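A.B. asks: Contents of structure33.tsv (TSV, C-alpha atoms):
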chain	number	residue	atom	x	y	z
A	1	MET	CA	-30.23	51.46	-39.25
A	2	ILE	CA	-29.03	52.54	-35.88
A	3	LYS	CA	-30.05	55.35	-33.57
A	4	GLY	CA	-27.55	57.94	-32.51
A	5	ARG	CA	-27.12	61.44	-31.19
A	6	VAL	CA	-25.15	64.20	-32.88
A	7	LYS	CA	-21.99	65.20	-30.99
A	8	GLY	CA	-20.44	67.98	-33.05
A	9	LYS	CA	-18.88	68.35	-36.47
A	10	VAL	CA	-15.74	66.80	-37.87
A	11	TRP	CA	-13.48	69.01	-39.96
A	12	SER	CA	-11.12	67.61	-42.55
A	13	SER	CA	-9.27	70.17	-44.65
A	14	ARG	CA	-7.18	67.50	-46.36
A	15	HIS	CA	-9.34	64.73	-47.80
A	16	VAL	CA	-9.80	62.65	-50.94
A	17	GLY	CA	-11.34	64.51	-53.87
A	18	THR	CA	-14.33	62.18	-54.12
A	19	LEU	CA	-15.68	63.09	-50.69
A	20	PRO	CA	-18.94	64.97	-51.40
A	21	PRO	CA	-19.17	68.52	-50.06
A	22	GLY	CA	-21.32	68.68	-46.93
A	23	ALA	CA	-21.32	68.21	-43.20
A	24	LEU	CA	-19.67	65.30	-41.45
A	25	LEU	CA	-21.10	64.80	-37.98
A	26	GLU	CA	-19.83	62.80	-35.10
A	27	VAL	CA	-22.63	60.55	-33.89
A	28	GLU	CA	-22.75	58.64	-30.62
A	29	THR	CA	-24.57	55.38	-31.21
A	30	GLU	CA	-27.01	53.78	-28.79
A	31	ALA	CA	-24.38	51.16	-28.00
A	32	GLY	CA	-22.00	53.88	-26.88
A	33	GLY	CA	-19.62	53.90	-29.85
A	34	ARG	CA	-18.89	56.81	-32.15
A	35	ILE	CA	-19.11	57.03	-35.91
A	36	ILE	CA	-18.75	59.86	-38.40
A	37	ALA	CA	-21.78	60.21	-40.67
A	38	PHE	CA	-22.52	62.40	-43.66
A	39	ASP	CA	-25.47	64.71	-42.93
A	40	PRO	CA	-27.68	65.80	-45.84
A	41	LEU	CA	-30.35	67.17	-43.48
A	42	GLY	CA	-28.64	69.92	-41.51
A	43	CYS	CA	-29.02	68.29	-38.10
A	44	ASP	CA	-28.26	70.11	-34.88
A	45	ASP	CA	-25.98	69.16	-32.08
A	46	GLU	CA	-27.61	66.65	-29.68
A	47	GLU	CA	-30.32	65.84	-32.23
A	48	ALA	CA	-31.46	62.18	-32.29
A	49	VAL	CA	-30.81	60.70	-35.71
A	50	MET	CA	-31.12	57.49	-37.69
A	51	VAL	CA	-27.97	56.34	-39.51
A	52	THR	CA	-27.65	53.85	-42.37
A	53	GLN	CA	-24.30	52.19	-42.98
A	54	GLY	CA	-22.20	50.47	-45.63
A	55	SER	CA	-22.60	50.63	-49.40
A	56	VAL	CA	-26.23	51.66	-48.88
A	57	ALA	CA	-24.95	55.00	-47.57
A	58	ALA	CA	-22.73	55.56	-50.60
A	59	ALA	CA	-25.57	54.73	-52.99
A	60	TYR	CA	-27.30	57.91	-51.85
A	61	PHE	CA	-24.78	59.81	-53.97
A	62	ASN	CA	-25.97	58.19	-57.23
A	63	GLY	CA	-23.03	56.40	-58.79
A	64	LYS	CA	-20.47	59.05	-57.86
A	65	ASN	CA	-18.33	56.54	-55.94
A	66	ALA	CA	-18.64	58.65	-52.81
A	67	PRO	CA	-16.43	57.12	-50.11
A	68	VAL	CA	-19.18	57.47	-47.51
A	69	ASP	CA	-20.15	54.45	-45.40
A	70	ALA	CA	-22.46	56.19	-42.91
A	71	LEU	CA	-25.35	58.54	-43.72
A	72	ILE	CA	-27.91	60.27	-41.57
A	73	ILE	CA	-31.24	59.43	-43.21
A	74	GLY	CA	-33.62	60.97	-40.71
A	75	SER	CA	-34.11	62.95	-37.57
A	76	ILE	CA	-35.99	60.94	-34.93
A	77	ASP	CA	-39.16	62.50	-33.50
A	78	GLU	CA	-38.43	62.36	-29.80
A	79	ASN	CA	-41.68	63.58	-28.26
A	80	THR	CA	-43.91	61.23	-30.20
A	81	LYS	CA	-42.86	57.85	-28.93
A	82	GLN	CA	-46.32	57.28	-27.45
A	83	LYS	CA	-47.69	57.11	-31.02
A	84	SER	CA	-46.22	53.62	-31.54
B	29	MET	CA	-16.71	56.39	-41.12
B	30	ILE	CA	-14.65	55.91	-38.04
B	31	LYS	CA	-11.94	57.99	-36.44
B	32	GLY	CA	-8.52	56.56	-35.90
B	33	ARG	CA	-4.88	57.38	-35.37
B	34	VAL	CA	-2.01	56.22	-37.60
B	35	LYS	CA	0.31	53.74	-35.89
B	36	GLY	CA	2.97	52.97	-38.48
B	37	LYS	CA	3.14	51.25	-41.85
B	38	VAL	CA	2.47	47.66	-42.78
B	39	TRP	CA	4.81	46.02	-45.24
B	40	SER	CA	3.78	43.09	-47.39
B	41	SER	CA	6.33	41.96	-49.95
B	42	ARG	CA	4.22	38.98	-50.96
B	43	HIS	CA	0.67	40.00	-51.83
B	44	VAL	CA	-2.04	39.48	-54.43
B	45	GLY	CA	-1.43	41.22	-57.74
B	46	THR	CA	-4.60	43.29	-57.56
B	47	LEU	CA	-3.51	45.18	-54.44
B	48	PRO	CA	-3.00	48.79	-55.64
B	49	PRO	CA	0.48	50.26	-55.12
B	50	GLY	CA	0.55	52.65	-52.18
B	51	ALA	CA	0.86	52.86	-48.45
B	52	LEU	CA	-0.92	50.55	-46.04
B	53	LEU	CA	-1.16	52.09	-42.60
B	54	GLU	CA	-2.01	50.53	-39.29
B	55	VAL	CA	-4.75	52.60	-37.70
B	56	GLU	CA	-5.91	52.42	-34.10
B	57	THR	CA	-9.63	53.06	-33.97
B	58	GLU	CA	-11.42	55.10	-31.33
B	59	ALA	CA	-12.82	51.88	-29.90
B	60	GLY	CA	-9.29	50.59	-29.38
B	61	GLY	CA	-9.09	48.05	-32.19
B	62	ARG	CA	-6.63	48.04	-35.07
B	63	ILE	CA	-7.26	47.98	-38.78
B	64	ILE	CA	-5.04	48.26	-41.83
B	65	ALA	CA	-6.16	51.02	-44.21
B	66	PHE	CA	-4.98	52.12	-47.64
B	67	ASP	CA	-3.69	55.70	-47.50
B	68	PRO	CA	-3.99	57.84	-50.64
B	69	LEU	CA	-3.13	61.04	-48.73
B	70	GLY	CA	0.38	60.46	-47.36
B	71	CYS	CA	-0.58	60.65	-43.70
B	72	ASP	CA	2.00	60.82	-40.93
B	73	ASP	CA	2.45	58.64	-37.93
B	74	GLU	CA	0.07	59.64	-35.09
B	75	GLU	CA	-2.07	61.68	-37.47
B	76	ALA	CA	-5.84	61.60	-36.76
B	77	VAL	CA	-7.69	60.17	-39.73
B	78	MET	CA	-11.14	59.27	-40.95
B	79	VAL	CA	-11.53	55.75	-42.38
B	80	THR	CA	-14.29	54.39	-44.62
B	81	GLN	CA	-14.86	50.63	-44.75
B	82	GLY	CA	-16.29	47.86	-46.89
B	83	SER	CA	-17.03	47.91	-50.60
B	84	VAL	CA	-17.17	51.71	-50.43
B	85	ALA	CA	-13.40	51.69	-49.85
B	86	ALA	CA	-12.77	49.46	-52.88
B	87	ALA	CA	-14.95	51.66	-55.10
B	88	TYR	CA	-12.35	54.40	-54.74
B	89	PHE	CA	-10.20	52.42	-57.17
B	90	ASN	CA	-12.75	52.73	-60.02
B	91	GLY	CA	-13.71	49.23	-61.07
B	92	LYS	CA	-10.26	47.74	-60.67
B	93	ASN	CA	-11.49	45.12	-58.19
B	94	ALA	CA	-9.01	46.39	-55.62
B	95	PRO	CA	-9.15	44.07	-52.58
B	96	VAL	CA	-9.20	47.03	-50.20
B	97	ASP	CA	-11.88	47.19	-47.50
B	98	ALA	CA	-10.55	50.17	-45.52
B	99	LEU	CA	-9.50	53.55	-46.91
B	100	ILE	CA	-8.29	56.74	-45.27
B	101	ILE	CA	-10.50	59.45	-46.76
B	102	GLY	CA	-9.37	62.44	-44.73
B	103	SER	CA	-7.07	63.82	-42.13
B	104	ILE	CA	-9.00	65.23	-39.17
B	105	ASP	CA	-8.31	68.86	-38.21
B	106	GLU	CA	-7.45	68.50	-34.54
B	107	ASN	CA	-7.11	72.09	-33.41
B	108	THR	CA	-10.41	73.24	-34.80
B	109	LYS	CA	-12.87	71.27	-32.72
B	110	GLN	CA	-14.26	74.48	-31.23
B	111	LYS	CA	-15.64	75.37	-34.69
B	112	SER	CA	-18.42	72.80	-34.33
C	16	MET	CA	-29.97	37.03	-40.65
C	17	ILE	CA	-30.50	37.73	-37.02
C	18	LYS	CA	-33.43	37.16	-34.69
C	19	GLY	CA	-35.03	40.03	-32.90
C	20	ARG	CA	-38.15	41.25	-31.18
C	21	VAL	CA	-40.17	44.32	-32.17
C	22	LYS	CA	-40.01	47.13	-29.59
C	23	GLY	CA	-42.19	49.90	-31.01
C	24	LYS	CA	-42.11	52.22	-33.99
C	25	VAL	CA	-39.67	54.94	-34.87
C	26	TRP	CA	-41.04	58.18	-36.25
C	27	SER	CA	-39.03	60.48	-38.43
C	28	SER	CA	-40.89	63.48	-39.84
C	29	ARG	CA	-37.75	64.94	-41.35
C	30	HIS	CA	-35.88	62.40	-43.47
C	31	VAL	CA	-34.14	62.01	-46.83
C	32	GLY	CA	-36.48	61.83	-49.81
C	33	THR	CA	-35.28	58.40	-50.90
C	34	LEU	CA	-36.48	56.67	-47.72
C	35	PRO	CA	-39.35	54.41	-48.89
C	36	PRO	CA	-42.73	55.03	-47.28
C	37	GLY	CA	-43.52	52.39	-44.65
C	38	ALA	CA	-42.98	51.43	-41.05
C	39	LEU	CA	-39.64	51.63	-39.30
C	40	LEU	CA	-39.55	49.39	-36.26
C	41	GLU	CA	-37.15	49.28	-33.38
C	42	VAL	CA	-35.93	45.71	-33.00
C	43	GLU	CA	-34.07	44.27	-30.04
C	44	THR	CA	-31.60	41.70	-31.29
C	45	GLU	CA	-30.83	38.40	-29.57
C	46	ALA	CA	-27.47	39.82	-28.54
C	47	GLY	CA	-29.22	42.64	-26.70
C	48	GLY	CA	-28.54	45.50	-29.12
C	49	ARG	CA	-31.12	47.60	-30.91
C	50	ILE	CA	-31.51	48.30	-34.60
C	51	ILE	CA	-34.12	50.08	-36.69
C	52	ALA	CA	-35.51	47.91	-39.47
C	53	PHE	CA	-37.91	48.58	-42.31
C	54	ASP	CA	-41.01	46.41	-41.97
C	55	PRO	CA	-42.86	45.37	-45.15
C	56	LEU	CA	-44.96	42.80	-43.26
C	57	GLY	CA	-46.93	44.81	-40.72
C	58	CYS	CA	-45.44	43.19	-37.63
C	59	ASP	CA	-46.83	43.75	-34.16
C	60	ASP	CA	-45.10	44.94	-31.06
C	61	GLU	CA	-43.21	42.11	-29.29
C	62	GLU	CA	-43.39	39.92	-32.41
C	63	ALA	CA	-40.32	37.75	-33.06
C	64	VAL	CA	-38.79	38.62	-36.41
C	65	MET	CA	-35.92	37.76	-38.72
C	66	VAL	CA	-33.85	40.71	-39.96
C	67	THR	CA	-31.47	40.86	-42.93
C	68	GLN	CA	-28.81	43.57	-43.02
C	69	GLY	CA	-26.59	45.55	-45.35
C	70	SER	CA	-26.96	46.09	-49.08
C	71	VAL	CA	-29.11	42.94	-49.21
C	72	ALA	CA	-31.81	44.87	-47.34
C	73	ALA	CA	-31.69	47.78	-49.80
C	74	ALA	CA	-31.90	45.43	-52.78
C	75	TYR	CA	-35.45	44.57	-51.70
C	76	PHE	CA	-36.47	47.97	-53.08
C	77	ASN	CA	-35.41	47.08	-56.65
C	78	GLY	CA	-32.83	49.57	-57.76
C	79	LYS	CA	-34.43	52.57	-56.08
C	80	ASN	CA	-31.30	53.31	-54.01
C	81	ALA	CA	-33.32	53.02	-50.83
C	82	PRO	CA	-31.08	53.97	-47.89
C	83	VAL	CA	-32.26	50.96	-45.87
C	84	ASP	CA	-29.67	48.65	-44.32
C	85	ALA	CA	-31.99	46.50	-42.18
C	86	LEU	CA	-35.17	44.76	-43.33
C	87	ILE	CA	-37.60	42.45	-41.57
C	88	ILE	CA	-37.93	39.48	-43.93
C	89	GLY	CA	-40.10	37.22	-41.83
C	90	SER	CA	-42.05	36.70	-38.66
C	91	ILE	CA	-40.71	33.74	-36.68
C	92	ASP	CA	-43.18	31.00	-35.77
C	93	GLU	CA	-42.72	30.81	-32.03
C	94	ASN	CA	-44.91	27.84	-31.10
C	95	THR	CA	-43.45	25.50	-33.67
C	96	LYS	CA	-39.89	25.16	-32.49
C	97	GLN	CA	-40.45	21.47	-31.80
C	98	LYS	CA	-40.80	20.89	-35.56
C	99	SER	CA	-37.03	21.31	-36.05
D	2	MET	CA	-8.12	44.99	-43.66
D	3	ILE	CA	-7.25	43.19	-40.50
D	4	LYS	CA	-4.12	41.44	-39.33
D	5	GLY	CA	-4.21	37.80	-38.39
D	6	ARG	CA	-2.15	34.67	-37.96
D	7	VAL	CA	-2.72	31.39	-39.79
D	8	LYS	CA	-3.92	28.58	-37.52
D	9	GLY	CA	-4.27	25.56	-39.80
D	10	LYS	CA	-6.48	24.55	-42.70
D	11	VAL	CA	-10.19	23.96	-42.82
D	12	TRP	CA	-11.45	20.99	-44.80
D	13	SER	CA	-14.91	20.85	-46.28
D	14	SER	CA	-15.64	17.82	-48.45
D	15	ARG	CA	-19.29	18.78	-48.84
D	16	HIS	CA	-19.68	22.37	-50.00
D	17	VAL	CA	-21.59	24.51	-52.49
D	18	GLY	CA	-20.44	24.17	-56.09
D	19	THR	CA	-19.54	27.82	-56.45
D	20	LEU	CA	-16.80	27.68	-53.80
D	21	PRO	CA	-13.56	28.23	-55.76
D	22	PRO	CA	-10.96	25.45	-55.49
D	23	GLY	CA	-8.12	26.43	-53.15
D	24	ALA	CA	-7.06	26.56	-49.54
D	25	LEU	CA	-9.30	27.76	-46.74
D	26	LEU	CA	-7.26	28.79	-43.73
D	27	GLU	CA	-8.30	29.43	-40.19
D	28	VAL	CA	-6.98	32.83	-39.17
D	29	GLU	CA	-6.81	34.21	-35.65
D	30	THR	CA	-7.41	37.94	-35.77
D	31	GLU	CA	-5.59	40.53	-33.68
D	32	ALA	CA	-8.75	40.98	-31.62
D	33	GLY	CA	-8.68	37.30	-30.70
D	34	GLY	CA	-11.50	36.04	-32.91
D	35	ARG	CA	-11.27	33.41	-35.64
D	36	ILE	CA	-12.30	33.64	-39.26
D	37	ILE	CA	-11.91	31.33	-42.25
D	38	ALA	CA	-10.22	33.03	-45.20
D	39	PHE	CA	-9.51	31.93	-48.75
D	40	ASP	CA	-5.76	31.84	-49.39
D	41	PRO	CA	-4.51	32.50	-52.92
D	42	LEU	CA	-0.89	32.88	-51.74
D	43	GLY	CA	0.00	29.53	-50.19
D	44	CYS	CA	0.60	30.83	-46.68
D	45	ASP	CA	2.17	28.72	-43.97
D	46	ASP	CA	0.91	27.91	-40.53
D	47	GLU	CA	1.61	30.73	-38.04
D	48	GLU	CA	2.32	33.19	-40.88
D	49	ALA	CA	1.14	36.78	-40.26
D	50	VAL	CA	-1.37	37.78	-42.90
D	51	MET	CA	-3.59	40.66	-43.99
D	52	VAL	CA	-7.25	39.77	-44.61
D	53	THR	CA	-9.87	41.72	-46.57
D	54	GLN	CA	-13.55	41.06	-45.87
D	55	GLY	CA	-17.00	41.33	-47.38
D	56	SER	CA	-17.95	41.68	-51.04
D	57	VAL	CA	-14.46	43.04	-51.71
D	58	ALA	CA	-13.12	39.52	-51.04
D	59	ALA	CA	-15.57	37.93	-53.48
D	60	ALA	CA	-14.72	40.47	-56.20
D	61	TYR	CA	-11.24	38.91	-56.38
D	62	PHE	CA	-12.87	36.01	-58.25
D	63	ASN	CA	-14.01	38.25	-61.15
D	64	GLY	CA	-17.74	37.96	-61.46
D	65	LYS	CA	-17.92	34.25	-60.64
D	66	ASN	CA	-20.23	34.83	-57.66
D	67	ALA	CA	-17.74	33.14	-55.37
D	68	PRO	CA	-19.30	32.84	-51.89
D	69	VAL	CA	-16.10	34.05	-50.24
D	70	ASP	CA	-16.30	36.91	-47.71
D	71	ALA	CA	-12.70	36.77	-46.40
D	72	LEU	CA	-9.52	36.71	-48.49
D	73	ILE	CA	-5.85	36.74	-47.55
D	74	ILE	CA	-4.38	39.54	-49.67
D	75	GLY	CA	-0.85	39.61	-48.33
D	76	SER	CA	1.71	38.11	-46.03
D	77	ILE	CA	2.97	40.68	-43.52
D	78	ASP	CA	6.74	41.28	-43.36
D	79	GLU	CA	7.40	40.72	-39.68
D	80	ASN	CA	11.08	41.68	-39.37
D	81	THR	CA	10.76	45.01	-41.08
D	82	LYS	CA	8.54	46.95	-38.72
D	83	GLN	CA	11.37	49.41	-38.01
D	84	LYS	CA	11.05	50.63	-41.62
D	85	SER	CA	7.86	52.48	-40.80
E	18	MET	CA	-16.30	33.04	-43.37
E	19	ILE	CA	-17.05	31.96	-39.87
E	20	LYS	CA	-17.40	28.56	-38.25
E	21	GLY	CA	-20.59	27.59	-36.54
E	22	ARG	CA	-22.72	24.71	-35.38
E	23	VAL	CA	-26.31	24.03	-36.44
E	24	LYS	CA	-28.85	24.50	-33.63
E	25	GLY	CA	-32.21	23.67	-35.18
E	26	LYS	CA	-34.45	25.14	-37.84
E	27	VAL	CA	-36.24	28.45	-37.94
E	28	TRP	CA	-39.80	28.50	-39.25
E	29	SER	CA	-41.36	31.58	-40.74
E	30	SER	CA	-44.84	31.12	-42.20
E	31	ARG	CA	-45.23	34.81	-42.89
E	32	HIS	CA	-42.27	36.21	-44.83
E	33	VAL	CA	-41.42	38.44	-47.78
E	34	GLY	CA	-42.10	36.90	-51.19
E	35	THR	CA	-38.50	37.15	-52.34
E	36	LEU	CA	-37.18	34.79	-49.65
E	37	PRO	CA	-36.02	31.70	-51.58
E	38	PRO	CA	-37.67	28.40	-50.63
E	39	GLY	CA	-35.38	26.26	-48.49
E	40	ALA	CA	-34.17	25.65	-44.98
E	41	LEU	CA	-33.24	28.42	-42.58
E	42	LEU	CA	-31.00	27.12	-39.82
E	43	GLU	CA	-30.04	28.66	-36.53
E	44	VAL	CA	-26.26	28.57	-36.27
E	45	GLU	CA	-24.21	29.17	-33.14
E	46	THR	CA	-21.00	30.91	-34.10
E	47	GLU	CA	-17.59	30.22	-32.60
E	48	ALA	CA	-17.80	33.54	-30.78
E	49	GLY	CA	-20.99	32.40	-29.07
E	50	GLY	CA	-23.52	34.46	-31.00
E	51	ARG	CA	-26.42	33.14	-33.07
E	52	ILE	CA	-27.28	33.83	-36.68
E	53	ILE	CA	-29.89	32.45	-39.06
E	54	ALA	CA	-28.36	31.09	-42.27
E	55	PHE	CA	-29.87	29.72	-45.46
E	56	ASP	CA	-28.83	26.10	-45.96
E	57	PRO	CA	-28.53	24.79	-49.53
E	58	LEU	CA	-26.75	21.60	-48.37
E	59	GLY	CA	-29.23	19.86	-46.09
E	60	CYS	CA	-27.13	20.04	-42.94
E	61	ASP	CA	-28.00	18.16	-39.78
E	62	ASP	CA	-28.49	19.44	-36.30
E	63	GLU	CA	-25.16	19.91	-34.48
E	64	GLU	CA	-23.22	19.73	-37.77
E	65	ALA	CA	-20.18	22.04	-37.99
E	66	VAL	CA	-20.59	24.46	-40.86
E	67	MET	CA	-18.90	27.36	-42.61
E	68	VAL	CA	-21.05	30.47	-43.12
E	69	THR	CA	-20.49	33.37	-45.53
E	70	GLN	CA	-22.18	36.71	-44.80
E	71	GLY	CA	-23.36	39.89	-46.43
E	72	SER	CA	-24.09	40.56	-50.09
E	73	VAL	CA	-21.84	37.62	-50.95
E	74	ALA	CA	-24.50	35.30	-49.49
E	75	ALA	CA	-27.27	36.89	-51.58
E	76	ALA	CA	-25.20	36.60	-54.77
E	77	TYR	CA	-25.53	32.81	-54.51
E	78	PHE	CA	-29.11	33.25	-55.72
E	79	ASN	CA	-28.01	34.74	-59.08
E	80	GLY	CA	-29.55	38.15	-59.42
E	81	LYS	CA	-32.86	37.24	-57.79
E	82	ASN	CA	-32.48	39.90	-55.08
E	83	ALA	CA	-32.77	37.23	-52.41
E	84	PRO	CA	-32.86	38.96	-49.00
E	85	VAL	CA	-30.36	36.48	-47.56
E	86	ASP	CA	-27.28	37.80	-45.74
E	87	ALA	CA	-25.96	34.50	-44.34
E	88	LEU	CA	-25.38	31.28	-46.28
E	89	ILE	CA	-23.96	27.92	-45.27
E	90	ILE	CA	-21.33	27.21	-47.93
E	91	GLY	CA	-19.85	24.01	-46.54
E	92	SER	CA	-19.91	21.35	-43.90
E	93	ILE	CA	-16.63	21.22	-41.98
E	94	ASP	CA	-14.81	17.87	-41.86
E	95	GLU	CA	-14.38	17.42	-38.13
E	96	ASN	CA	-12.28	14.25	-37.94
E	97	THR	CA	-9.64	15.41	-40.35
E	98	LYS	CA	-8.11	18.35	-38.53
E	99	GLN	CA	-4.79	16.50	-38.32
E	100	LYS	CA	-4.47	16.86	-42.11
E	101	SER	CA	-3.67	20.56	-41.77
Produce structure tokens that represent the structure in this file.

C.D. replies:
Amino acid sequence: MIKGRVKGKVWSSRHVGTLPPGALLEVETEAGGRIIAFDPLGCDDEEAVMVTQGSVAAAYFNGKNAPVDALIIGSIDENTKQKS
Amino acid sequence: MIKGRVKGKVWSSRHVGTLPPGALLEVETEAGGRIIAFDPLGCDDEEAVMVTQGSVAAAYFNGKNAPVDALIIGSIDENTKQKS
Amino acid sequence: MIKGRVKGKVWSSRHVGTLPPGALLEVETEAGGRIIAFDPLGCDDEEAVMVTQGSVAAAYFNGKNAPVDALIIGSIDENTKQKS
Amino acid sequence: MIKGRVKGKVWSSRHVGTLPPGALLEVETEAGGRIIAFDPLGCDDEEAVMVTQGSVAAAYFNGKNAPVDALIIGSIDENTKQKS
Amino acid sequence: MIKGRVKGKVWSSRHVGTLPPGALLEVETEAGGRIIAFDPLGCDDEEAVMVTQGSVAAAYFNGKNAPVDALIIGSIDENTKQKS
């Protein structure tokens, strides 16, 4: 997975029918790039998130052939780094 | 997914038989690279699009073993960014 | 696979329900990037590890659709390089 | 898919038994890197080609577990760009 | 596939149980990076090899869920480049 930070929503009125309903967030990765990830958690802008990529992301939608190759799988606890 | 912008069509008269009929568009990614993506939506030149990659793109063609590793899944609404 | 070095844990109180219970470690790759990998081995901080990526990592969880795209599969023996 | 240009053949007398018989071509990608792709089309040296990657490439060989992660799926028509 | 050159073995006494027995080699890729690949061919140090990556590499182990995302599939004939 990679770490990233939410940078707003992406809106797509015209899309393929197999795209699951839900939020698509723009995420800035640690390396400085940007990806669009599906968000099943309701994350906020600037929230630190963990993103999984590839067919693993699509598998979250249980055999529905969702064309999703990036999925937010968790919000990262930012004030607890000292626990590690 | 990644964001990109359509930069013309790619024509391939000689191709493998399993390539689905339809448009292949050249897409410039946000990072500045170029990929060729299958377009099921009829996107225009310079349109902002969202591209999914890998086996997730091929799965769109329902078990037909389509050799497609990049698929345009949506057109990005460009004048609505303030909604986020 | 790629080589990396463990750089602490990642905590995520709010995550998708299909994330398997277990440690998520931040790993610095040889190339200098950072990824988050699931650790089934109980690795220590600064330990040298071998990470597998993509759907191969998820397959470790036997058909449970685990949204894990990076898995530590071994600890690298660091004082035995002369064996090669 | 990515665009590339054929830069000669690769010969491998000693290889795994599951490698399908056929040509392996060295392809220079648009980004300047080099990959080795399986060529089912009989492409010539310096020909412009379209390459698909990952498990999508292996799926071309219909369940034979071919260890092929890059496949030339088409020759690009170079004198027809004005059609787009 | 990518070209690479063998740069020694990697030893991992403590690893997941599903890692198939066999040699893990460090391979320097043409682009200058390093990956660890499973070697079913018994390659020598400094040998030029062809590596396949991703789930295609794991499929070589026939449904055993091997956590291997890089596999040496052939040794490259180095003195025969003029054949191309």

A.B. asks: Looking at only C-alpha atoms, which of E:Ala76, E:Val23, E:Ile52, E:Glu64 is the one that sits closest to chain C?

C.D. replies: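 Closest candidate: E:Ile52.
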
A.B. asks: Excluding Asn96 (chain E) and its own-chain neighbours fewer than 5 positions away, which residues fall within 12 Å of it when counting all atoms listed in the file? Please give them as a VMD selection string.

C.D. replies: (chain D and resid 11 to 14) or (chain E and resid 65 101)

A.B. asks: With only C-alpha atoms as the counted atoms, please give the residues lying no more than 8 Å from region 38-49 of chain C, apart from itself and same-chain residues fewer than 3 positions off, as a list in words.

C.D. replies: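 Returned residues: Ile2, Glu30 and Ala31 of chain A; Ile17, Lys18, Gly19, Arg20, Val21, Lys22, Gly23, Lys24, Val25, Trp26, Ala52, Phe53, Asp54, Pro55 and Gly57 of chain C; Gly50 and Arg51 of chain E.
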
A.B. asks: What are the residues of chain C that have an atom within 12 Å of an atom of chain D, counting all atoms listed in the file, as a list of chain:residue names?

C.D. replies: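 Therefore, the residues near the partner are C:Gly69, C:Ser70, C:Val71.
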
A.B. asks: Could you dump the residues just selected with C-alpha atoms as a compact mmCIF listing (two decimals), in the frame of the given file?

C.D. replies:
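part.txt written:
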# COMPACT_ATOMS: atom_id res chain seq x y z
CA GLY C 69 -26.59 45.55 -45.35
CA SER C 70 -26.96 46.09 -49.08
CA VAL C 71 -29.11 42.94 -49.21

A.B. asks: With a distance cut-off of 10 Å and all atoms listed in the file, select the neighbouring residues of region 77-86 of chain E, excluding the residue or stretch itself and same-chain residues fewer than 6 positions from it, and output the selection as a PyMOL selection string.

C.D. replies: (chain C and resi 16-17+66-77+86-88) or (chain D and resi 17+19+65-68) or (chain E and resi 33-37+41+52-55+57+68-71)

A.B. asks: Please, could you write that set of residues out with C-alpha atoms as a tab-separated table (two decimals), in the coordinates of the input?

C.D. replies:
chain	number	residue	atom	x	y	z
C	16	MET	CA	-29.97	37.03	-40.65
C	17	ILE	CA	-30.50	37.73	-37.02
C	66	VAL	CA	-33.85	40.71	-39.96
C	67	THR	CA	-31.47	40.86	-42.93
C	68	GLN	CA	-28.81	43.57	-43.02
C	69	GLY	CA	-26.59	45.55	-45.35
C	70	SER	CA	-26.96	46.09	-49.08
C	71	VAL	CA	-29.11	42.94	-49.21
C	72	ALA	CA	-31.81	44.87	-47.34
C	73	ALA	CA	-31.69	47.78	-49.80
C	74	ALA	CA	-31.90	45.43	-52.78
C	75	TYR	CA	-35.45	44.57	-51.70
C	76	PHE	CA	-36.47	47.97	-53.08
C	77	ASN	CA	-35.41	47.08	-56.65
C	86	LEU	CA	-35.17	44.76	-43.33
C	87	ILE	CA	-37.60	42.45	-41.57
C	88	ILE	CA	-37.93	39.48	-43.93
D	17	VAL	CA	-21.59	24.51	-52.49
D	19	THR	CA	-19.54	27.82	-56.45
D	65	LYS	CA	-17.92	34.25	-60.64
D	66	ASN	CA	-20.23	34.83	-57.66
D	67	ALA	CA	-17.74	33.14	-55.37
D	68	PRO	CA	-19.30	32.84	-51.89
E	33	VAL	CA	-41.42	38.44	-47.78
E	34	GLY	CA	-42.10	36.90	-51.19
E	35	THR	CA	-38.50	37.15	-52.34
E	36	LEU	CA	-37.18	34.79	-49.65
E	37	PRO	CA	-36.02	31.70	-51.58
E	41	LEU	CA	-33.24	28.42	-42.58
E	52	ILE	CA	-27.28	33.83	-36.68
E	53	ILE	CA	-29.89	32.45	-39.06
E	54	ALA	CA	-28.36	31.09	-42.27
E	55	PHE	CA	-29.87	29.72	-45.46
E	57	PRO	CA	-28.53	24.79	-49.53
E	68	VAL	CA	-21.05	30.47	-43.12
E	69	THR	CA	-20.49	33.37	-45.53
E	70	GLN	CA	-22.18	36.71	-44.80
E	71	GLY	CA	-23.36	39.89	-46.43

A.B. asks: What is the distance, in Å and to one decimal place, between CA of Cys43 (chain A) and CA of Asp105 (chain B)?

C.D. replies: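 Between CA of Cys43 (chain A) and CA of Asp105 (chain B) the gap works out to 20.7 Å.
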